[in-house]
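A.B. asks: Input: one structure, supplied below.
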Amino acid sequence: MALSWLVLVISVQALIVQAKLFEIPEDQKHLVRGLNVKLLKATLDGEANPSVYVGLRLSEEHNLEKENEYLQRLKPEDLCSSTLNIKDTEPKTGLIALHLMAQKASCDNTHRSRLIACLKHHLLKEKESIVLYSKPLTSYYQYSLGILALCVNDKLIDKHFINKIIFAEEKNQFVHGKTISIDTEAMAGLALLCAKNSNKYPREDAINMKKSIKSIKDKILTSQGDEGQLGNIYSTPLAVQFLLALGGQSGREPSSYAMRALLKAVDQGKFSNPMMMSQLMPVFHQKTYLNLANIKCDANTNKPLSIPFYPEIAIGDEPIRVRLVVEGQNFEEVFEVPSQSSLLDVLKAAQKNSDFSFETRGSLYGPYLTTVNSKEGQWLLLKDSDISLLEGIADYKPADGEKIILRLRSA
Ligand code: B12
């Protein structure tokens, strides 16, 4: 009798362990907590970011007071004009989707129906653009985020909207610059998984979704690098979210490997951008954006994470020299900046000391370079001869002697 109980207990425990794709080792749990604290600290400055709120809500540790204060700052009511007109303004599909997910994460229904109507309108315009010009107004990343946000809010999405993702996946249209965008693959995969799991579609449609999900999974697994990252280290959080949501055995080993890469990257201080931290936070708690569908706010226990004081990293005294090249404009000069300076500091030094000029616009990820020497367009950041930077101008810190290239992407 005692023996059969023991067997039962062991098998139940094995099942519990199996349900989790990866157990964070005890000696690395401080990294997860540290990330949570850093994300909470990010709520203190700058404009409120709905993705940061979602990341905090999908953690298992909460400072409910700080989270509520942040929720009040999100102000989704400012987002959709009463006319729902997106002709004169930039489409904001992704931003509206993130706000809708944040409202779902808060369990407060006040703004939800308005956001849903607004998002549906944006998605319709995106779909029209796909039909007419074979690409969405924004990107397939934002289009998929929009579908996902409606789906976790239990909305039935017309299958023609979903078919656009399936078709784009089939035609390998998820790209970031010139390379495959694992972030977009993962976001599209999460949207399709949510729709398929909702059981709201006829069998034939569900089969098509399943095929597309399989294709996404294959691409994500093929993208695994030697260090365990899926795509690059910053696409890994969303890729792991997709594998977690997919469940099953085949993604287990690659996910564990990817989780180890993420823990290492956190330890190395590579996750300091609030947007990137917010995409990562859920996976350390075995959660994905799909968990928003059945989030329970009253079950949250307040484990007051306090925000410690971090001394600012001192700018080094030793100057470094960075070569700045603007491709196609015959601009190449070396600028001296203090060590630990960001690329943004280099651009500022160049603007001050030469005839170089630049402009940025704010985004959820920090300042986005829009214009160089009066030329507006999709500016890409590279180093040495052709290595694409993995961070934006405010986060990237060039090394002494490095060559930074600004390249205008041709349409
Ligand atoms: C689509 C996309 C792009 C498109 C944006 C235009 C478009 N057609 O939408 C393009 C290809 C131009 C692009 C460019 C870059 N991107 Co990008 N991009 C994305 C992606 C897949 C989705 C962004 C999005 O729509 N977010 C949702 C909306 C709601 O947020 P938003 O703030 O309103 O969105 C706008 C801005 O954020 C801006 N944007 C896009 N990428 C980046 C990157 C940075 C650092 C900043 C500040 C802004 C920015 O474009 C968005 C659409 O207009 C993300 C993936 C991810 N995991 O988040 C990567 C991602 C954010 N990009 C990344 C990078 C590194 C870049 C570049 C710096 C690459 C380079 N070496 O040049 C450049 C930006 C250079 C600059 N000019 O400042 C990294 C950032 C990692 C980090 N540590 O911060 C990500 C996570 C991809 C990755 N895994 O490497 N990107």
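Letters A, B, ... mark the chains of the structure tokens in the order given; residue numbers begin at 1 per chain; ligand numbers begin at 1, in order shown.
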If you count only C-alpha atoms, which residues fall within 7 Å of region 259-270 of chain A, apart from same-chain ones fewer than 6 positions away, as a list in words?
C.D. replies: Leu31, Glu227, Gly228 and Gln229 of chain A
A.B. asks: Write the residues of the selection above to a file with N, CA and C atoms, as a compact mmCIF listing (two decimals), in the first residue's frame.
C.D. replies:
```txt
# COMPACT_ATOMS: atom_id res chain seq x y z
N LEU A 31 18.04 36.13 -10.54
CA LEU A 31 18.06 36.86 -11.83
C LEU A 31 16.63 37.21 -12.25
N GLU A 227 24.48 29.19 -29.04
CA GLU A 227 24.37 29.55 -27.62
C GLU A 227 22.97 29.27 -27.06
N GLY A 228 22.07 28.81 -27.92
CA GLY A 228 20.72 28.47 -27.47
C GLY A 228 19.67 29.49 -27.87
N GLN A 229 20.11 30.67 -28.32
CA GLN A 229 19.13 31.70 -28.69
C GLN A 229 18.31 31.28 -29.91
```
A.B. asks: Give me, as a PyMOL selection string, the set of residues whose atoms come within 6 Å of any atom of ligand 1, counting only C-alpha atoms and all ligand atoms.
C.D. replies: chain A and resi 94-95+138-139+141-142+176-177+183-184+232+234-235+363-370+378-382+388-392
A.B. asks: For region 192-239 of chain A against region 152-158 of chain A, with a cut-off of 10 Å and counting only C-alpha atoms, what is the closest atom pair and its distance in Å to one decimal for every residue that makes the cut, ordered by chain and number, as a Markdown table?
C.D. replies:
```
| residue | atom | partner | partner_atom | distance |
| --- | --- | --- | --- | --- |
| A:Cys194 | CA | A:Val152 | CA | 7.1 |
| A:Ala195 | CA | A:Ile157 | CA | 8.0 |
| A:Ser198 | CA | A:Asp154 | CA | 8.1 |
| A:Lys200 | CA | A:Leu156 | CA | 7.2 |
| A:Tyr201 | CA | A:Leu156 | CA | 9.0 |
```
A.B. asks: Write out as a VMD selection string which residues come within 12 Å of Leu71 (chain A) when counting only C-alpha atoms, dropping same-chain ones fewer than 4 positions away.
C.D. replies: chain A and resid 43 47 to 54 56 to 57 64 to 67 75 to 76 99 101 to 108 111
A.B. asks: Given the selection you just returned, output its residues as a file containing N, CA and C atoms, formatted as a PDB file, in the first residue's frame.
C.D. replies:
```
ATOM      1  N   THR A  43       8.811  51.584 -14.466  1.00  0.00           N
ATOM      2  CA  THR A  43       7.505  52.248 -14.429  1.00  0.00           C
ATOM      3  C   THR A  43       7.629  53.661 -13.860  1.00  0.00           C
ATOM      4  N   GLU A  47       7.293  57.687 -20.527  1.00  0.00           N
ATOM      5  CA  GLU A  47       5.865  57.520 -20.811  1.00  0.00           C
ATOM      6  C   GLU A  47       5.430  56.099 -20.472  1.00  0.00           C
ATOM      7  N   ALA A  48       4.192  55.943 -20.006  1.00  0.00           N
ATOM      8  CA  ALA A  48       3.728  54.606 -19.639  1.00  0.00           C
ATOM      9  C   ALA A  48       3.622  53.721 -20.884  1.00  0.00           C
ATOM     10  N   ASN A  49       4.050  52.470 -20.742  1.00  0.00           N
ATOM     11  CA  ASN A  49       4.136  51.532 -21.863  1.00  0.00           C
ATOM     12  C   ASN A  49       3.252  50.317 -21.548  1.00  0.00           C
ATOM     13  N   PRO A  50       2.199  50.062 -22.342  1.00  0.00           N
ATOM     14  CA  PRO A  50       1.276  48.968 -22.015  1.00  0.00           C
ATOM     15  C   PRO A  50       1.950  47.598 -21.963  1.00  0.00           C
ATOM     16  N   SER A  51       3.014  47.423 -22.755  1.00  0.00           N
ATOM     17  CA  SER A  51       3.709  46.127 -22.760  1.00  0.00           C
ATOM     18  C   SER A  51       4.396  45.874 -21.414  1.00  0.00           C
ATOM     19  N   VAL A  52       4.902  46.944 -20.806  1.00  0.00           N
ATOM     20  CA  VAL A  52       5.547  46.817 -19.489  1.00  0.00           C
ATOM     21  C   VAL A  52       4.495  46.360 -18.466  1.00  0.00           C
ATOM     22  N   TYR A  53       3.303  46.942 -18.550  1.00  0.00           N
ATOM     23  CA  TYR A  53       2.231  46.557 -17.629  1.00  0.00           C
ATOM     24  C   TYR A  53       1.877  45.071 -17.817  1.00  0.00           C
ATOM     25  N   VAL A  54       1.752  44.635 -19.078  1.00  0.00           N
ATOM     26  CA  VAL A  54       1.423  43.231 -19.362  1.00  0.00           C
ATOM     27  C   VAL A  54       2.516  42.318 -18.791  1.00  0.00           C
ATOM     28  N   LEU A  56       4.489  42.863 -16.266  1.00  0.00           N
ATOM     29  CA  LEU A  56       4.386  42.815 -14.798  1.00  0.00           C
ATOM     30  C   LEU A  56       3.229  41.925 -14.354  1.00  0.00           C
ATOM     31  N   ARG A  57       2.116  42.008 -15.104  1.00  0.00           N
ATOM     32  CA  ARG A  57       0.946  41.214 -14.724  1.00  0.00           C
ATOM     33  C   ARG A  57       1.169  39.721 -14.952  1.00  0.00           C
ATOM     34  N   LEU A  64       1.351  45.317  -6.072  1.00  0.00           N
ATOM     35  CA  LEU A  64       0.051  45.728  -6.603  1.00  0.00           C
ATOM     36  C   LEU A  64      -0.126  47.244  -6.600  1.00  0.00           C
ATOM     37  N   GLU A  65       0.458  47.896  -5.611  1.00  0.00           N
ATOM     38  CA  GLU A  65       0.320  49.348  -5.523  1.00  0.00           C
ATOM     39  C   GLU A  65       0.979  50.024  -6.733  1.00  0.00           C
ATOM     40  N   LYS A  66       2.211  49.617  -7.002  1.00  0.00           N
ATOM     41  CA  LYS A  66       2.948  50.219  -8.137  1.00  0.00           C
ATOM     42  C   LYS A  66       2.264  49.865  -9.462  1.00  0.00           C
ATOM     43  N   GLU A  67       1.778  48.613  -9.581  1.00  0.00           N
ATOM     44  CA  GLU A  67       1.116  48.196 -10.816  1.00  0.00           C
ATOM     45  C   GLU A  67      -0.147  49.033 -11.056  1.00  0.00           C
ATOM     46  N   LYS A  75      -3.670  55.475 -19.868  1.00  0.00           N
ATOM     47  CA  LYS A  75      -4.574  56.358 -20.608  1.00  0.00           C
ATOM     48  C   LYS A  75      -4.955  55.864 -22.016  1.00  0.00           C
ATOM     49  N   PRO A  76      -5.570  54.693 -22.124  1.00  0.00           N
ATOM     50  CA  PRO A  76      -5.946  54.194 -23.453  1.00  0.00           C
ATOM     51  C   PRO A  76      -7.029  55.043 -24.110  1.00  0.00           C
ATOM     52  N   HIS A  99      -2.471  48.003 -25.689  1.00  0.00           N
ATOM     53  CA  HIS A  99      -3.352  48.617 -24.681  1.00  0.00           C
ATOM     54  C   HIS A  99      -4.522  47.689 -24.343  1.00  0.00           C
ATOM     55  N   MET A 101      -4.521  44.454 -24.537  1.00  0.00           N
ATOM     56  CA  MET A 101      -3.985  43.360 -23.720  1.00  0.00           C
ATOM     57  C   MET A 101      -3.752  43.832 -22.284  1.00  0.00           C
ATOM     58  N   ALA A 102      -3.283  45.074 -22.150  1.00  0.00           N
ATOM     59  CA  ALA A 102      -3.042  45.616 -20.804  1.00  0.00           C
ATOM     60  C   ALA A 102      -4.359  45.733 -20.043  1.00  0.00           C
ATOM     61  N   GLN A 103      -5.420  46.179 -20.718  1.00  0.00           N
ATOM     62  CA  GLN A 103      -6.712  46.311 -20.038  1.00  0.00           C
ATOM     63  C   GLN A 103      -7.227  44.940 -19.620  1.00  0.00           C
ATOM     64  N   LYS A 104      -7.026  43.949 -20.486  1.00  0.00           N
ATOM     65  CA  LYS A 104      -7.439  42.580 -20.141  1.00  0.00           C
ATOM     66  C   LYS A 104      -6.648  42.111 -18.908  1.00  0.00           C
ATOM     67  N   ALA A 105      -5.354  42.445 -18.907  1.00  0.00           N
ATOM     68  CA  ALA A 105      -4.487  42.031 -17.791  1.00  0.00           C
ATOM     69  C   ALA A 105      -4.885  42.700 -16.483  1.00  0.00           C
ATOM     70  N   SER A 106      -5.602  43.839 -16.583  1.00  0.00           N
ATOM     71  CA  SER A 106      -5.983  44.576 -15.374  1.00  0.00           C
ATOM     72  C   SER A 106      -7.335  44.118 -14.821  1.00  0.00           C
ATOM     73  N   CYS A 107      -8.062  43.327 -15.614  1.00  0.00           N
ATOM     74  CA  CYS A 107      -9.413  42.856 -15.278  1.00  0.00           C
ATOM     75  C   CYS A 107     -10.402  44.014 -15.159  1.00  0.00           C
ATOM     76  N   ASP A 108     -10.069  45.154 -15.711  1.00  0.00           N
ATOM     77  CA  ASP A 108     -10.981  46.304 -15.675  1.00  0.00           C
ATOM     78  C   ASP A 108     -11.591  46.454 -17.076  1.00  0.00           C
ATOM     79  N   HIS A 111     -12.419  50.377 -20.522  1.00  0.00           N
ATOM     80  CA  HIS A 111     -12.019  50.857 -21.849  1.00  0.00           C
ATOM     81  C   HIS A 111     -12.077  49.781 -22.931  1.00  0.00           C
TER      82      HIS A 111
END
```
A.B. asks: For a quick check of understanding, using only C-alpha atoms, which of A:Leu243, A:Ile182, A:Leu137, A:Leu406 has the smallest distance to Asn330 (chain A)?
C.D. replies: A:Leu406
A.B. asks: Under the rule that only C-alpha atoms are counted, which of A:Ser250, A:Ser134, A:Ser357, A:Ser255 is the nearest residue to Leu238 (chain A)?
C.D. replies: A:Ser255
A.B. asks: Of the candidates A:Val322, A:Leu193, A:Leu58, A:Val37, which shows the shortest atom-to-atom distance to Lys296 (chain A), using only C-alpha atoms?
C.D. replies: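 Among the listed residues, A:Leu58 lies closest to Lys296 (chain A).
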A.B. asks: Report, in Å with one decimal, the straight-line distance from CA of Pro202 (chain A) to CA of Lys171 (chain A).
C.D. replies: 23.8 Å
A.B. asks: From a DSSP calculation on the backbone, collect every residue of region 102-315 of chain A in helix (DSSP H, G or I) and output the set as a PyMOL selection string.
C.D. replies: chain A and resi 102-106+112-133+140-152+159-170+182-197+203-222+236-246+252-267+274-284+289-294
A.B. asks: Store the residues of this selection in a file with C-alpha atoms, as a short mmCIF file (atom, residue, chain, number, x, y, z; two decimals), in the first residue's frame.
C.D. replies:
```cif
data_model
loop_
_atom_site.label_atom_id
_atom_site.label_comp_id
_atom_site.auth_asym_id
_atom_site.auth_seq_id
_atom_site.Cartn_x
_atom_site.Cartn_y
_atom_site.Cartn_z
CA ALA A 102 -3.04 45.62 -20.80
CA GLN A 103 -6.71 46.31 -20.04
CA LYS A 104 -7.44 42.58 -20.14
CA ALA A 105 -4.49 42.03 -17.79
CA SER A 106 -5.98 44.58 -15.37
CA ARG A 112 -12.22 47.45 -23.46
CA SER A 113 -15.19 47.73 -25.84
CA ARG A 114 -13.91 51.01 -27.25
CA LEU A 115 -10.43 49.58 -27.80
CA ILE A 116 -11.91 46.47 -29.44
CA ALA A 117 -13.94 48.58 -31.91
CA CYS A 118 -10.91 50.72 -32.65
CA LEU A 119 -8.61 47.72 -33.15
CA LYS A 120 -11.11 46.02 -35.46
CA HIS A 121 -11.19 49.14 -37.58
CA HIS A 122 -7.38 49.26 -37.77
CA LEU A 123 -7.19 45.57 -38.68
CA LEU A 124 -9.70 46.10 -41.47
CA LYS A 125 -7.48 48.82 -42.94
CA GLU A 126 -4.43 46.56 -42.55
CA LYS A 127 -6.26 43.76 -44.39
CA GLU A 128 -7.30 46.10 -47.19
CA SER A 129 -3.67 47.06 -47.61
CA ILE A 130 -2.62 43.38 -47.76
CA VAL A 131 -5.23 42.75 -50.47
CA LEU A 132 -4.25 45.83 -52.52
CA TYR A 133 -0.48 46.07 -51.96
CA TYR A 140 2.83 41.50 -39.97
CA TYR A 141 4.15 41.77 -36.40
CA GLN A 142 1.55 44.42 -35.53
CA TYR A 143 -1.16 42.71 -37.59
CA SER A 144 -0.60 39.45 -35.67
CA LEU A 145 -0.45 41.31 -32.35
CA GLY A 146 -3.85 42.81 -33.23
CA ILE A 147 -5.38 39.39 -33.95
CA LEU A 148 -3.86 38.02 -30.73
CA ALA A 149 -5.25 40.89 -28.65
CA LEU A 150 -8.78 40.34 -29.99
CA CYS A 151 -8.47 36.60 -29.48
CA VAL A 152 -7.37 36.77 -25.81
CA LYS A 159 -11.26 33.64 -40.89
CA HIS A 160 -10.22 35.88 -43.80
CA PHE A 161 -8.14 37.94 -41.36
CA ILE A 162 -6.44 34.81 -40.08
CA ASN A 163 -5.87 33.50 -43.59
CA LYS A 164 -3.71 36.56 -44.33
CA ILE A 165 -1.24 35.40 -41.67
CA ILE A 166 -1.32 31.84 -43.00
CA PHE A 167 -0.65 33.04 -46.54
CA ALA A 168 2.20 35.36 -45.48
CA GLU A 169 3.82 32.51 -43.52
CA GLU A 170 3.58 30.26 -46.56
CA ILE A 182 11.76 35.27 -35.61
CA ASP A 183 9.87 37.84 -33.50
CA THR A 184 7.20 38.07 -36.21
CA GLU A 185 7.11 34.29 -36.70
CA ALA A 186 6.53 33.92 -32.95
CA MET A 187 3.86 36.63 -32.79
CA ALA A 188 2.04 35.13 -35.80
CA GLY A 189 2.35 31.70 -34.16
CA LEU A 190 0.84 32.97 -30.90
CA ALA A 191 -2.07 34.56 -32.80
CA LEU A 192 -2.75 31.34 -34.74
CA LEU A 193 -2.44 29.17 -31.62
CA CYS A 194 -4.93 31.39 -29.79
CA ALA A 195 -7.41 31.20 -32.67
CA LYS A 196 -7.01 27.44 -33.10
CA ASN A 197 -7.35 26.72 -29.36
CA ARG A 203 -12.35 21.73 -38.87
CA GLU A 204 -10.94 22.68 -42.27
CA ASP A 205 -9.84 26.12 -41.04
CA ALA A 206 -8.36 24.62 -37.89
CA ILE A 207 -6.32 22.20 -40.05
CA ASN A 208 -4.92 25.11 -42.08
CA MET A 209 -3.99 26.94 -38.87
CA LYS A 210 -2.31 23.80 -37.57
CA LYS A 211 -0.21 23.45 -40.74
CA SER A 212 0.90 27.05 -40.51
CA ILE A 213 1.74 26.67 -36.80
CA LYS A 214 3.88 23.66 -37.70
CA SER A 215 5.71 25.66 -40.36
CA ILE A 216 6.36 28.48 -37.84
CA LYS A 217 7.61 25.98 -35.28
CA ASP A 218 10.04 24.47 -37.82
CA LYS A 219 11.43 27.91 -38.72
CA ILE A 220 11.84 28.87 -35.08
CA LEU A 221 13.60 25.63 -34.18
CA THR A 222 15.89 25.89 -37.21
CA THR A 236 14.19 34.52 -28.02
CA PRO A 237 11.58 35.64 -25.41
CA LEU A 238 8.72 35.67 -27.92
CA ALA A 239 9.98 32.48 -29.58
CA VAL A 240 9.98 30.71 -26.20
CA GLN A 241 6.49 32.10 -25.49
CA PHE A 242 5.37 30.43 -28.72
CA LEU A 243 7.00 27.08 -27.82
CA LEU A 244 5.50 27.24 -24.32
CA ALA A 245 2.05 27.92 -25.74
CA LEU A 246 2.50 25.08 -28.22
CA ARG A 252 11.09 20.99 -24.65
CA GLU A 253 14.79 20.63 -25.21
CA PRO A 254 15.20 23.69 -27.48
CA SER A 255 13.17 25.76 -24.98
CA SER A 256 15.33 24.71 -22.04
CA TYR A 257 18.42 25.54 -24.05
CA ALA A 258 16.91 28.93 -24.98
CA MET A 259 15.93 29.62 -21.35
CA ARG A 260 19.53 29.02 -20.27
CA ALA A 261 20.68 31.52 -22.95
CA LEU A 262 18.16 34.05 -21.62
CA LEU A 263 19.27 33.64 -18.01
CA LYS A 264 22.88 34.11 -19.11
CA ALA A 265 21.96 37.22 -21.10
CA VAL A 266 20.12 38.68 -18.08
CA ASP A 267 23.18 37.98 -15.95
CA PRO A 274 11.94 47.96 -20.65
CA MET A 275 10.23 46.75 -23.84
CA MET A 276 12.60 43.81 -24.13
CA MET A 277 12.29 43.01 -20.43
CA SER A 278 8.50 43.07 -20.74
CA GLN A 279 8.52 40.43 -23.50
CA LEU A 280 10.86 38.27 -21.41
CA MET A 281 9.18 38.50 -17.97
CA PRO A 282 6.31 36.06 -18.73
CA VAL A 283 8.55 33.22 -19.95
CA PHE A 284 10.49 33.11 -16.68
CA TYR A 289 0.40 36.19 -23.86
CA LEU A 290 -2.22 33.45 -24.28
CA ASN A 291 -2.53 33.31 -20.49
CA LEU A 292 -4.19 36.74 -20.63
CA ALA A 293 -7.36 34.99 -21.82
CA ASN A 294 -7.98 33.54 -18.36
#
```
